[in-house]
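Just protein35.cif here, mmCIF, C-alpha atoms:
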```
data_work
#
loop_
_atom_site.label_atom_id
_atom_site.label_comp_id
_atom_site.auth_asym_id
_atom_site.auth_seq_id
_atom_site.Cartn_x
_atom_site.Cartn_y
_atom_site.Cartn_z
CA MET A 1 -105.98 2.61 -8.80
CA GLY A 2 -102.26 2.67 -8.09
CA LEU A 3 -100.05 -0.33 -7.48
CA THR A 4 -99.62 0.58 -3.81
CA SER A 5 -103.31 1.30 -3.21
CA LYS A 6 -104.96 -0.73 -0.46
CA LYS A 7 -108.03 -1.05 -2.69
CA VAL A 8 -105.97 -2.98 -5.24
CA LEU A 9 -104.81 -5.40 -2.56
CA VAL A 10 -108.34 -5.85 -1.20
CA LEU A 11 -109.72 -6.50 -4.67
CA ALA A 12 -106.96 -9.02 -5.38
CA VAL A 13 -107.73 -10.87 -2.15
CA LEU A 14 -111.47 -10.91 -2.91
CA PHE A 15 -110.79 -12.21 -6.42
CA ALA A 16 -108.56 -14.98 -5.04
CA VAL A 17 -111.24 -15.98 -2.52
CA LEU A 18 -113.91 -16.07 -5.23
CA LEU A 19 -111.70 -18.25 -7.42
CA PHE A 20 -111.11 -20.62 -4.51
CA VAL A 21 -114.86 -20.89 -3.86
CA ALA A 22 -115.47 -21.40 -7.58
CA THR A 23 -112.87 -24.17 -7.66
CA VAL A 24 -114.56 -26.04 -4.81
CA TRP A 25 -118.03 -25.50 -6.32
CA LEU A 26 -117.15 -26.50 -9.90
CA TRP A 27 -114.77 -29.36 -9.16
CA PRO A 28 -117.46 -32.11 -9.27
CA ARG A 29 -118.55 -30.88 -12.68
CA LEU A 30 -114.95 -30.90 -13.91
CA ALA A 31 -114.24 -34.43 -12.65
CA ARG A 32 -114.89 -36.01 -16.02
CA ARG A 33 -112.12 -37.34 -18.25
CA ASN A 34 -112.88 -35.52 -21.48
CA TRP A 35 -110.58 -32.78 -22.76
CA ARG A 36 -112.95 -29.96 -21.78
CA ALA A 37 -113.08 -31.07 -18.15
CA VAL A 38 -109.28 -31.49 -17.98
CA GLY A 39 -108.78 -28.07 -19.56
CA GLY A 40 -111.25 -26.57 -17.10
CA ARG A 41 -109.43 -28.06 -14.12
CA ILE A 42 -106.08 -26.77 -15.39
CA GLY A 43 -107.49 -23.32 -16.09
CA ILE A 44 -109.23 -22.80 -12.76
CA LEU A 45 -106.25 -24.10 -10.78
CA ALA A 46 -103.85 -21.85 -12.72
CA ALA A 47 -106.11 -18.82 -12.22
CA THR A 48 -106.41 -19.48 -8.48
CA GLN A 49 -102.65 -19.89 -8.08
CA ALA A 50 -102.00 -16.72 -10.08
CA ALA A 51 -104.45 -14.77 -7.92
CA ILE A 52 -102.78 -16.03 -4.72
CA PHE A 53 -99.32 -15.09 -6.01
CA ALA A 54 -100.64 -11.66 -6.99
CA CYS A 55 -101.94 -11.14 -3.44
CA VAL A 56 -98.61 -12.14 -1.93
CA GLY A 57 -96.71 -9.90 -4.36
CA LEU A 58 -98.94 -6.88 -3.72
CA ALA A 59 -98.70 -7.34 0.06
CA ALA A 60 -94.90 -7.67 -0.10
CA ASN A 61 -94.64 -4.57 -2.28
CA GLN A 62 -96.73 -2.56 0.17
CA ALA A 63 -94.58 -3.74 3.07
CA PHE A 64 -91.18 -3.20 1.47
CA GLY A 65 -91.78 -0.56 -1.21
CA PHE A 66 -90.10 -2.32 -4.14
CA TYR A 67 -92.14 -0.56 -6.86
CA ALA A 68 -94.02 2.73 -6.69
CA SER A 69 -96.39 2.34 -9.64
CA TRP A 70 -97.53 0.01 -12.42
CA ALA A 71 -95.18 1.82 -14.81
CA ASP A 72 -92.33 1.28 -12.35
CA LEU A 73 -93.18 -2.42 -12.10
CA PHE A 74 -93.21 -2.93 -15.88
CA GLY A 75 -90.24 -0.66 -16.58
CA GLN A 76 -92.36 1.92 -18.39
CA GLU A 77 -91.52 5.06 -16.40
CA THR A 78 -91.51 8.26 -18.42
CA ASP A 79 -91.04 10.97 -15.80
CA GLN A 80 -87.53 10.09 -14.67
CA GLY A 81 -84.26 9.28 -16.36
CA VAL A 82 -81.08 10.67 -17.85
CA VAL A 83 -81.66 14.13 -19.29
CA VAL A 84 -79.44 16.89 -20.67
CA ASP A 85 -79.87 20.35 -19.20
CA HIS A 86 -78.85 22.84 -21.92
CA MET A 87 -79.67 25.93 -19.86
CA ALA A 88 -76.84 26.48 -17.40
CA GLY A 89 -78.26 28.89 -14.88
CA GLY A 90 -81.71 28.49 -16.41
CA ALA A 91 -84.98 29.38 -14.74
CA THR A 92 -85.53 26.07 -13.02
CA GLY A 93 -82.03 25.77 -11.58
CA PRO A 94 -80.40 22.54 -10.43
CA LEU A 95 -83.05 21.98 -7.73
CA ARG A 96 -86.77 22.73 -7.88
CA VAL A 97 -89.28 22.17 -5.08
CA VAL A 98 -92.46 20.57 -6.47
CA GLY A 99 -94.36 19.76 -3.26
CA THR A 100 -94.29 19.71 0.53
CA GLN A 101 -95.63 17.55 3.34
CA GLN A 102 -95.35 17.54 7.11
CA VAL A 103 -93.65 14.95 9.26
CA GLN A 104 -96.30 12.92 11.07
CA MET A 105 -95.58 13.92 14.67
CA ALA A 106 -97.68 14.94 17.65
CA GLY A 107 -97.67 18.62 18.49
CA GLY A 108 -99.14 20.41 15.49
CA SER A 109 -98.58 20.78 11.77
CA ARG A 110 -96.39 23.88 11.55
CA PRO A 111 -92.87 23.25 10.17
CA GLN A 112 -91.39 25.07 13.20
CA LEU A 113 -92.76 22.21 15.30
CA THR A 114 -92.65 19.15 13.07
CA GLY A 115 -90.21 20.00 10.32
CA GLN A 116 -91.04 19.62 6.67
CA ILE A 117 -90.49 17.15 3.83
CA GLN A 118 -90.05 18.76 0.43
CA LYS A 119 -90.36 16.81 -2.80
CA VAL A 120 -87.80 18.14 -5.26
CA ASP A 121 -86.46 17.58 -8.75
CA ILE A 122 -82.67 17.72 -9.02
CA VAL A 123 -80.73 18.19 -12.26
CA GLY A 124 -77.02 17.37 -12.33
CA ARG A 125 -75.03 20.12 -14.03
CA THR A 126 -72.06 17.84 -14.77
CA SER A 127 -73.64 14.39 -15.05
CA HIS A 128 -76.80 15.64 -16.88
CA ILE A 129 -78.82 13.26 -14.71
CA ALA A 130 -82.20 14.29 -13.33
CA SER A 131 -83.75 12.61 -10.32
CA PRO A 132 -86.58 13.25 -7.86
CA ALA A 133 -85.85 13.26 -4.15
CA PHE A 134 -87.41 13.98 -0.77
CA ILE A 135 -85.63 16.46 1.49
CA TYR A 136 -86.34 16.51 5.22
CA LEU A 137 -85.79 19.85 6.96
CA PRO A 138 -85.77 19.66 10.78
CA PRO A 139 -87.98 22.00 12.85
CA GLU A 140 -84.95 24.09 13.80
CA TYR A 141 -84.48 25.03 10.15
CA PHE A 142 -87.66 27.14 10.36
CA GLN A 143 -87.17 28.59 13.85
CA PRO A 144 -86.09 32.27 14.04
CA GLN A 145 -83.23 31.65 16.46
CA TYR A 146 -81.58 29.34 13.89
CA ARG A 147 -82.09 31.58 10.83
CA THR A 148 -78.33 32.08 10.29
CA ARG A 149 -77.31 28.52 11.19
CA THR A 150 -76.12 25.95 8.68
CA PHE A 151 -77.06 22.30 9.18
CA PRO A 152 -75.25 19.01 8.57
CA ALA A 153 -76.70 16.95 5.75
CA SER A 154 -76.85 13.28 4.86
CA VAL A 155 -77.87 11.52 1.67
CA ILE A 156 -80.14 8.50 2.30
CA LEU A 157 -80.32 5.83 -0.42
CA THR A 158 -82.73 2.96 -0.96
CA GLY A 159 -81.84 -0.44 -2.31
CA TYR A 160 -82.61 -1.55 -5.88
CA PRO A 161 -85.20 -1.02 -7.21
CA GLY A 162 -86.65 0.67 -4.12
CA THR A 163 -88.73 3.84 -3.82
CA ALA A 164 -87.72 7.09 -2.17
CA GLN A 165 -91.16 7.27 -0.53
CA ALA A 166 -90.34 4.08 1.40
CA LEU A 167 -87.54 5.95 3.18
CA VAL A 168 -90.18 8.32 4.52
CA SER A 169 -93.16 6.06 5.16
CA LYS A 170 -91.62 2.60 5.74
CA LEU A 171 -88.16 3.20 7.20
CA ASN A 172 -89.27 6.42 8.97
CA TYR A 173 -86.01 8.35 8.56
CA PRO A 174 -87.50 11.85 9.13
CA ARG A 175 -89.49 10.85 12.22
CA THR A 176 -86.54 8.94 13.69
CA ALA A 177 -84.13 11.83 13.08
CA GLN A 178 -86.54 14.28 14.68
CA GLU A 179 -87.08 12.12 17.76
CA LEU A 180 -83.33 11.59 18.23
CA ALA A 181 -82.62 15.31 17.88
CA LYS A 182 -85.39 16.16 20.33
CA GLN A 183 -83.83 13.75 22.84
CA GLY A 184 -80.40 15.34 22.32
CA ARG A 185 -78.94 12.15 20.86
CA MET A 186 -78.03 13.71 17.50
CA GLU A 187 -77.79 17.13 15.91
CA PRO A 188 -80.69 18.40 13.78
CA MET A 189 -79.82 17.23 10.27
CA ILE A 190 -81.07 17.71 6.72
CA LEU A 191 -81.80 14.40 4.99
CA VAL A 192 -81.72 14.05 1.20
CA MET A 193 -83.67 10.87 0.41
CA LEU A 194 -83.67 9.20 -3.00
CA ARG A 195 -82.96 5.93 -4.70
CA PRO A 196 -79.67 5.07 -6.44
CA THR A 197 -81.61 4.05 -9.54
CA VAL A 198 -81.31 7.42 -11.27
CA ALA A 199 -81.61 5.91 -14.78
CA PRO A 200 -84.50 3.45 -14.32
CA PRO A 201 -84.98 0.64 -14.94
CA ARG A 202 -81.21 0.13 -15.15
CA ASP A 203 -79.29 -0.59 -11.96
CA THR A 204 -76.17 1.55 -12.40
CA GLU A 205 -74.59 0.64 -9.03
CA CYS A 206 -73.47 4.29 -8.62
CA VAL A 207 -70.87 3.82 -11.36
CA ASP A 208 -69.79 6.32 -14.03
CA ILE A 209 -70.57 3.98 -16.93
CA PRO A 210 -68.43 4.59 -20.03
CA GLY A 211 -70.80 5.97 -22.63
CA GLY A 212 -73.69 5.73 -20.16
CA PRO A 213 -75.13 7.39 -17.04
CA GLN A 214 -72.52 9.17 -14.93
CA THR A 215 -74.11 8.11 -11.66
CA GLU A 216 -71.08 8.46 -9.38
CA THR A 217 -70.53 12.01 -10.61
CA PHE A 218 -74.17 12.80 -9.86
CA PHE A 219 -73.90 11.61 -6.25
CA GLY A 220 -70.32 12.70 -5.67
CA ARG A 221 -70.61 16.20 -7.09
CA ASP A 222 -73.92 17.33 -8.58
CA LEU A 223 -76.26 16.33 -5.76
CA PRO A 224 -74.28 18.03 -2.93
CA ASP A 225 -73.78 21.13 -5.10
CA ALA A 226 -77.49 21.42 -5.92
CA VAL A 227 -78.62 20.97 -2.32
CA SER A 228 -75.96 23.33 -0.95
CA ALA A 229 -77.02 26.02 -3.40
CA HIS A 230 -80.65 25.83 -2.25
CA TYR A 231 -80.49 25.10 1.50
CA ARG A 232 -78.45 26.24 4.50
CA VAL A 233 -76.04 23.31 4.48
CA GLY A 234 -72.57 23.36 6.02
CA LYS A 235 -69.79 23.54 3.45
CA LYS A 236 -66.84 22.10 5.40
CA PRO A 237 -64.76 19.48 3.52
CA GLY A 238 -66.13 16.06 4.29
CA GLY A 239 -69.14 17.65 5.95
CA TRP A 240 -71.77 15.36 4.45
CA GLY A 241 -72.89 11.90 5.53
CA ILE A 242 -74.35 9.18 3.33
CA ILE A 243 -76.43 6.15 4.39
CA GLY A 244 -77.97 3.35 2.36
CA ASP A 245 -79.36 -0.16 2.56
CA SER A 246 -78.47 -3.09 0.30
CA THR A 247 -77.49 -1.57 -3.08
CA GLY A 248 -77.73 1.83 -1.43
CA GLY A 249 -75.39 0.57 1.29
CA TYR A 250 -72.79 -0.44 -1.28
CA CYS A 251 -73.16 2.98 -2.92
CA ALA A 252 -72.85 4.80 0.40
CA LEU A 253 -69.58 3.06 1.29
CA LYS A 254 -68.14 3.51 -2.19
CA LEU A 255 -69.03 7.20 -2.41
CA ALA A 256 -67.53 7.90 1.02
CA MET A 257 -64.34 6.05 0.03
CA HIS A 258 -64.06 7.67 -3.42
CA HIS A 259 -65.13 11.17 -2.33
CA PRO A 260 -63.94 11.78 1.25
CA GLU A 261 -63.71 15.48 0.42
CA VAL A 262 -67.52 15.43 0.31
CA TYR A 263 -68.62 12.53 2.51
CA GLY A 264 -66.94 12.38 5.89
CA ALA A 265 -69.10 9.45 6.98
CA GLY A 266 -70.65 6.59 5.00
CA ALA A 267 -72.92 3.89 6.45
CA GLY A 268 -73.90 0.70 4.63
CA LEU A 269 -76.83 -1.25 6.06
CA SER A 270 -76.58 -4.85 4.79
CA PRO A 271 -74.20 -3.78 2.01
CA TYR A 272 -72.25 -5.82 -0.44
CA TYR A 273 -68.74 -4.83 -1.45
CA LYS A 274 -68.48 -5.45 -5.18
CA ALA A 275 -70.75 -4.28 -7.99
CA PRO A 276 -72.60 -7.23 -9.56
CA ILE A 277 -72.93 -7.74 -13.30
CA ASP A 278 -76.34 -9.12 -14.19
CA PRO A 279 -79.31 -8.38 -16.49
CA THR A 280 -80.36 -5.39 -14.35
CA THR A 281 -76.94 -3.70 -14.55
CA GLY A 282 -75.75 -4.56 -18.03
CA ASP A 283 -72.05 -4.09 -18.76
CA LEU A 284 -71.08 -1.45 -16.20
CA PHE A 285 -67.39 -1.20 -17.02
CA GLN A 286 -67.16 -1.76 -20.80
CA GLY A 287 -63.90 -3.67 -20.38
CA ASN A 288 -62.30 -0.93 -18.26
CA LYS A 289 -60.33 -2.92 -15.66
CA GLU A 290 -59.37 0.15 -13.63
CA LEU A 291 -63.01 1.20 -13.28
CA LYS A 292 -63.97 -2.36 -12.32
CA ASN A 293 -61.26 -2.51 -9.63
CA ARG A 294 -62.28 0.87 -8.17
CA ALA A 295 -65.84 -0.42 -7.83
CA ASP A 296 -64.55 -3.38 -5.78
CA LEU A 297 -64.34 -1.96 -2.26
CA ALA A 298 -62.07 -4.73 -0.95
CA TRP A 299 -59.64 -4.09 -3.82
CA PHE A 300 -59.83 -0.31 -3.35
CA ILE A 301 -59.04 -0.34 0.36
CA LYS A 302 -55.99 -2.55 -0.23
CA HIS A 303 -54.52 -0.89 -3.31
CA GLN A 304 -55.45 2.79 -3.07
CA PRO A 305 -54.44 5.41 -0.47
CA ALA A 306 -56.68 5.09 2.58
CA PRO A 307 -59.42 7.73 2.38
CA ASP A 308 -59.91 10.19 5.24
CA THR A 309 -63.46 9.17 6.03
CA SER A 310 -65.43 7.06 8.52
CA LEU A 311 -67.32 3.92 7.54
CA LEU A 312 -70.08 1.97 9.28
CA VAL A 313 -71.16 -1.50 8.13
CA THR A 314 -73.97 -3.69 9.42
CA SER A 315 -74.77 -7.39 9.21
CA SER A 316 -76.31 -10.28 11.16
CA LYS A 317 -74.78 -13.54 12.30
CA GLN A 318 -77.94 -15.30 11.15
CA GLY A 319 -80.07 -14.11 8.25
CA GLU A 320 -77.60 -12.02 6.23
CA SER A 321 -75.46 -13.43 3.43
CA ASN A 322 -72.84 -10.67 3.77
CA TYR A 323 -71.69 -11.58 7.30
CA LYS A 324 -68.31 -13.13 6.42
CA ALA A 325 -67.61 -10.55 3.73
CA THR A 326 -68.36 -7.80 6.25
CA LEU A 327 -65.87 -9.20 8.76
CA ARG A 328 -63.20 -9.38 6.03
CA PHE A 329 -63.94 -5.79 5.00
CA ILE A 330 -63.66 -4.58 8.61
CA ASP A 331 -60.26 -6.24 8.94
CA ALA A 332 -59.07 -4.70 5.67
CA VAL A 333 -60.13 -1.20 6.70
CA LYS A 334 -58.59 -1.57 10.16
CA ALA A 335 -55.27 -2.48 8.53
CA THR A 336 -55.09 0.96 6.87
CA LYS A 337 -54.87 2.67 10.29
CA LYS A 338 -56.33 5.82 8.70
CA THR A 339 -59.88 5.11 7.58
CA HIS A 340 -62.13 4.72 10.61
CA VAL A 341 -64.51 1.74 10.61
CA SER A 342 -67.39 0.82 12.92
CA SER A 343 -69.98 -1.93 12.76
CA ILE A 344 -73.38 -3.07 13.94
CA ILE A 345 -73.58 -6.88 14.06
CA LEU A 346 -76.94 -8.30 15.09
CA ASP A 347 -77.39 -11.86 16.36
CA SER A 348 -80.14 -12.37 13.79
CA GLY A 349 -81.94 -10.32 11.21
CA GLY A 350 -82.83 -10.71 7.56
CA HIS A 351 -82.24 -8.53 4.53
CA ASN A 352 -85.40 -6.49 5.09
CA PHE A 353 -87.03 -3.35 6.47
CA ASN A 354 -87.55 -4.84 9.94
CA THR A 355 -83.79 -5.31 10.35
CA TRP A 356 -82.91 -1.88 8.97
CA ARG A 357 -85.42 -0.15 11.24
CA ARG A 358 -83.45 -1.60 14.18
CA GLU A 359 -80.19 -0.24 12.77
CA ILE A 360 -81.29 3.23 11.63
CA PRO A 361 -81.39 5.03 15.05
CA PRO A 362 -77.80 4.10 16.03
CA THR A 363 -76.66 4.77 12.46
CA LEU A 364 -78.08 8.31 12.48
CA GLN A 365 -76.43 8.96 15.84
CA TRP A 366 -73.11 7.62 14.53
CA VAL A 367 -73.23 9.82 11.42
CA SER A 368 -74.13 12.87 13.48
CA ALA A 369 -71.20 12.28 15.83
CA ARG A 370 -68.75 11.75 12.95
CA LEU A 371 -69.81 14.95 11.22
CA ALA A 372 -69.61 16.89 14.49
CA GLU A 373 -65.92 15.97 14.69
CA ARG A 374 -65.18 17.71 11.41
#
```
Have the structure of the file written as C-alpha cells, please.
Amino acid sequence: MGLTSKKVLVLAVLFAVLLFVATVWLWPRLARRNWRAVGGRIGILAATQAAIFACVGLAANQAFGFYASWADLFGQETDQGVVVDHMAGGATGPLRVVGTQQVQMAGGSRPQLTGQIQKVDIVGRTSHIASPAFIYLPPEYFQPQYRTRTFPASVILTGYPGTAQALVSKLNYPRTAQELAKQGRMEPMILVMLRPTVAPPRDTECVDIPGGPQTETFFGRDLPDAVSAHYRVGKKPGGWGIIGDSTGGYCALKLAMHHPEVYGAGAGLSPYYKAPIDPTTGDLFQGNKELKNRADLAWFIKHQPAPDTSLLVTSSKQGESNYKATLRFIDAVKATKKTHVSSIILDSGGHNFNTWRREIPPTLQWVSARLAER
C-alpha cells in the first residue's frame, strides 16, 4: 500500500486506537514499581504516541502532498534524477508521453470537452536533467476549429519537497484554468506542472550549481524547448508564464527575472527572495559570490538591469512570514520603473494549500492578461 493510500491512514488510525485501549486496559497491571512494570509503561506510552504522530503525519501528507511515496519520504527514489542523454535526436526525444488522464469535469470524458492531462518524461538537452511532469491541454487544443492555433503556456511549480500530482489533485490548476477559460476570464492555456526538485532529494533552489545539477538551465532553456517541440505553443519572446508556491514561488520570480526572453510573467505565491543554505540544499554556490548575488532577488533588482518582465507576489498580513520582505521587494521593483510588479495581499492566510487555492484563480487571470499583451 502506498504512502498516500487511504487504507494506510485508516490502518494507522485503527492501530493508534487499539494502542490507546491497550494502554487503558493494561495500566493497572503496569502500576507496580519493579523494572518490568516501569519498562512496560514507557514502552506502551511511546508506542501510542508514535502511532498518534504517524496518523497526524499521514493525514497532513494526504492534505498537502509533501511526499508521493515511501521511497520519496525516505530519500530512496530511483526513477528520477540527473541523467546524461548521449543520444541527441534519439528515439525518445526530449519529451515522451507516458500516460494520459482526463480533467474531472461535468460534461463527458472526451478531451474535446474536458481537456487532457498528459504525464510526460522530459530530458534536458543542455542541462542533462530528466524530470517527470504533468501537462494540461485545454479542450480547445483538441477541437478542429483550433487545429492551427498555438496556445500560451505556463510552467507551474510546487514547493519543496512537493509532488507534481498535488498541483492537479490538491491545488486544482487544470480544473481552475478550464473553468476560467470557459467563463471568458482567461485564454485557454497549456500548463506544464512539475516540482522544482529535479535532483531529489536535494533542494537545488533552481540554481546552476557549480559541478552539480544545472537546474536553472533546465527551467530557463531545456523545458520550454522540449515542450515547444512537442506541442502547439506560441514562440513569441517572453511568451511563457511561470507560477509557483513557496520554493516554487521563489523559482518562478527568479526565472522570470533572469530569463525575460522566455518568461514574460512570473508569479510567486508565498515566495521568499533569497536562496537558503541548509542541509537540504547543501553548498549551492561553491564560494561563487556572483552566483550567490544573482540568486538574491533583492540584490538582483537593485544591481542588475531591470528585466522586461511582469512579476506578481502574494502574502498575508497575518499568517505569512514573508509579508515585510514582500513589501520591500515591491518597493524595489517599482523603483526600476521598467519591471512591472503586482501583488495579492490577503488579510490573513497561512503558508498552505488553502491560502494558495484562494490566490490561484486571480493569478491565472493575471498571467493570461500579461501574456496577451506580448
**Request:** Please provide as an MDAnalysis selection string all residues within 7 Å of stretch 235-245 of chain A, with the sequence filter that same-chain residues fewer than 6 positions apart are discarded (counting all atoms listed in the file).
**Result:** chainID A and resid 152:159 252 260:271 367 371 374
Residues near stretch 347-362 of chain A, cut-off 6 Å, all atoms listed in the file, skip fewer than 3 positions along chain, as an mmCIF file with C-alpha atoms, in the frame of the given file:
```
data_model
loop_
_atom_site.group_PDB
_atom_site.id
_atom_site.type_symbol
_atom_site.label_atom_id
_atom_site.label_comp_id
_atom_site.auth_asym_id
_atom_site.auth_seq_id
_atom_site.Cartn_x
_atom_site.Cartn_y
_atom_site.Cartn_z
ATOM 1 C CA LEU A 171 -88.160 3.200 7.200
ATOM 2 C CA SER A 316 -76.310 -10.280 11.160
ATOM 3 C CA LYS A 317 -74.780 -13.540 12.300
ATOM 4 C CA GLN A 318 -77.940 -15.300 11.150
ATOM 5 C CA GLY A 319 -80.070 -14.110 8.250
ATOM 6 C CA GLU A 320 -77.600 -12.020 6.230
ATOM 7 C CA GLN A 365 -76.430 8.960 15.840
#
```
**Prompt:** Mind telling me what the PyMOL selection byres ((chain A and resi 197) around 12) catches here, as a VMD selection string?
**Reply:** chain A and resid 66 to 67 72 80 to 82 129 to 133 157 to 164 194 to 196 198 to 207 213 to 216 218 to 219 247 to 248 251 280 to 281
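Atom CA of A:Tyr136 is positioned 16.9 Å from atom CA of A:Asp225.
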**Message:** Residues near stretch 274-279 of chain A, anyone? I mean within 8 Å using only C-alpha atoms, not counting same-chain ones fewer than 3 positions away, as number ranges by chain.
**Reply:** A: 205, 250, 282-284, 295-298
**Message:** Here is a test: counting all atoms listed in the file, which residue of A:Ile344, A:Val103, A:Ile301, A:Val38 is nearest to A:Asp331?
**Reply:**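 Looking only at the distances to A:Asp331, the closest residue turns out to be A:Ile301.
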**Message:** I'd like to see the residues matched by the PyMOL selection byres ((chain A and resi 303) around 12) on this file, and ideally I'd get them as an NGL selection string.
**Reply:** :A and (290 or 293-294 or 296-302 or 304-307 or 332-333 or 335-336)
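The space separating atom CA of A:Leu180 from atom CA of A:Gly234 comes to 20.1 Å.
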**Message:** Report, in Å with one decimal, the straight-line distance from atom CA of A:Leu191 to atom CA of A:Gln145.
**Reply:**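 Taking atom CA of A:Leu191 and atom CA of A:Gln145, their separation equals 20.8 Å.
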**Asked** Written as a PyMOL selection string, what is the full residue list that the PyMOL selection byres ((chain A and resi 174) around 12) yields on the file shown?
**Response** chain A and resi 101-105+114-118+134-139+154+156+165-173+175-181+188-193+360-361+364
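Across A:Ala372, A:Leu95, A:Ile44, A:Val227, the tightest approach to A:Leu26 is made by A:Ile44 when counting all atoms listed in the file.
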Can you find the residues with an atom no farther than 10 Å from (-101.1, -5.5, -5.0), counting all atoms listed in the file, and report them as a PDB file with C-alpha atoms, keeping the file's coordinate frame?
```pdb
ATOM      1  CA  GLY A   2    -102.260   2.670  -8.090  1.00  0.00           C
ATOM      2  CA  LEU A   3    -100.050  -0.330  -7.480  1.00  0.00           C
ATOM      3  CA  THR A   4     -99.620   0.580  -3.810  1.00  0.00           C
ATOM      4  CA  SER A   5    -103.310   1.300  -3.210  1.00  0.00           C
ATOM      5  CA  LYS A   6    -104.960  -0.730  -0.460  1.00  0.00           C
ATOM      6  CA  LYS A   7    -108.030  -1.050  -2.690  1.00  0.00           C
ATOM      7  CA  VAL A   8    -105.970  -2.980  -5.240  1.00  0.00           C
ATOM      8  CA  LEU A   9    -104.810  -5.400  -2.560  1.00  0.00           C
ATOM      9  CA  VAL A  10    -108.340  -5.850  -1.200  1.00  0.00           C
ATOM     10  CA  LEU A  11    -109.720  -6.500  -4.670  1.00  0.00           C
ATOM     11  CA  ALA A  12    -106.960  -9.020  -5.380  1.00  0.00           C
ATOM     12  CA  VAL A  13    -107.730 -10.870  -2.150  1.00  0.00           C
ATOM     13  CA  PHE A  53     -99.320 -15.090  -6.010  1.00  0.00           C
ATOM     14  CA  ALA A  54    -100.640 -11.660  -6.990  1.00  0.00           C
ATOM     15  CA  CYS A  55    -101.940 -11.140  -3.440  1.00  0.00           C
ATOM     16  CA  VAL A  56     -98.610 -12.140  -1.930  1.00  0.00           C
ATOM     17  CA  GLY A  57     -96.710  -9.900  -4.360  1.00  0.00           C
ATOM     18  CA  LEU A  58     -98.940  -6.880  -3.720  1.00  0.00           C
ATOM     19  CA  ALA A  59     -98.700  -7.340   0.060  1.00  0.00           C
ATOM     20  CA  ALA A  60     -94.900  -7.670  -0.100  1.00  0.00           C
ATOM     21  CA  ASN A  61     -94.640  -4.570  -2.280  1.00  0.00           C
ATOM     22  CA  GLN A  62     -96.730  -2.560   0.170  1.00  0.00           C
ATOM     23  CA  TRP A  70     -97.530   0.010 -12.420  1.00  0.00           C
TER      24      TRP A  70
END
```
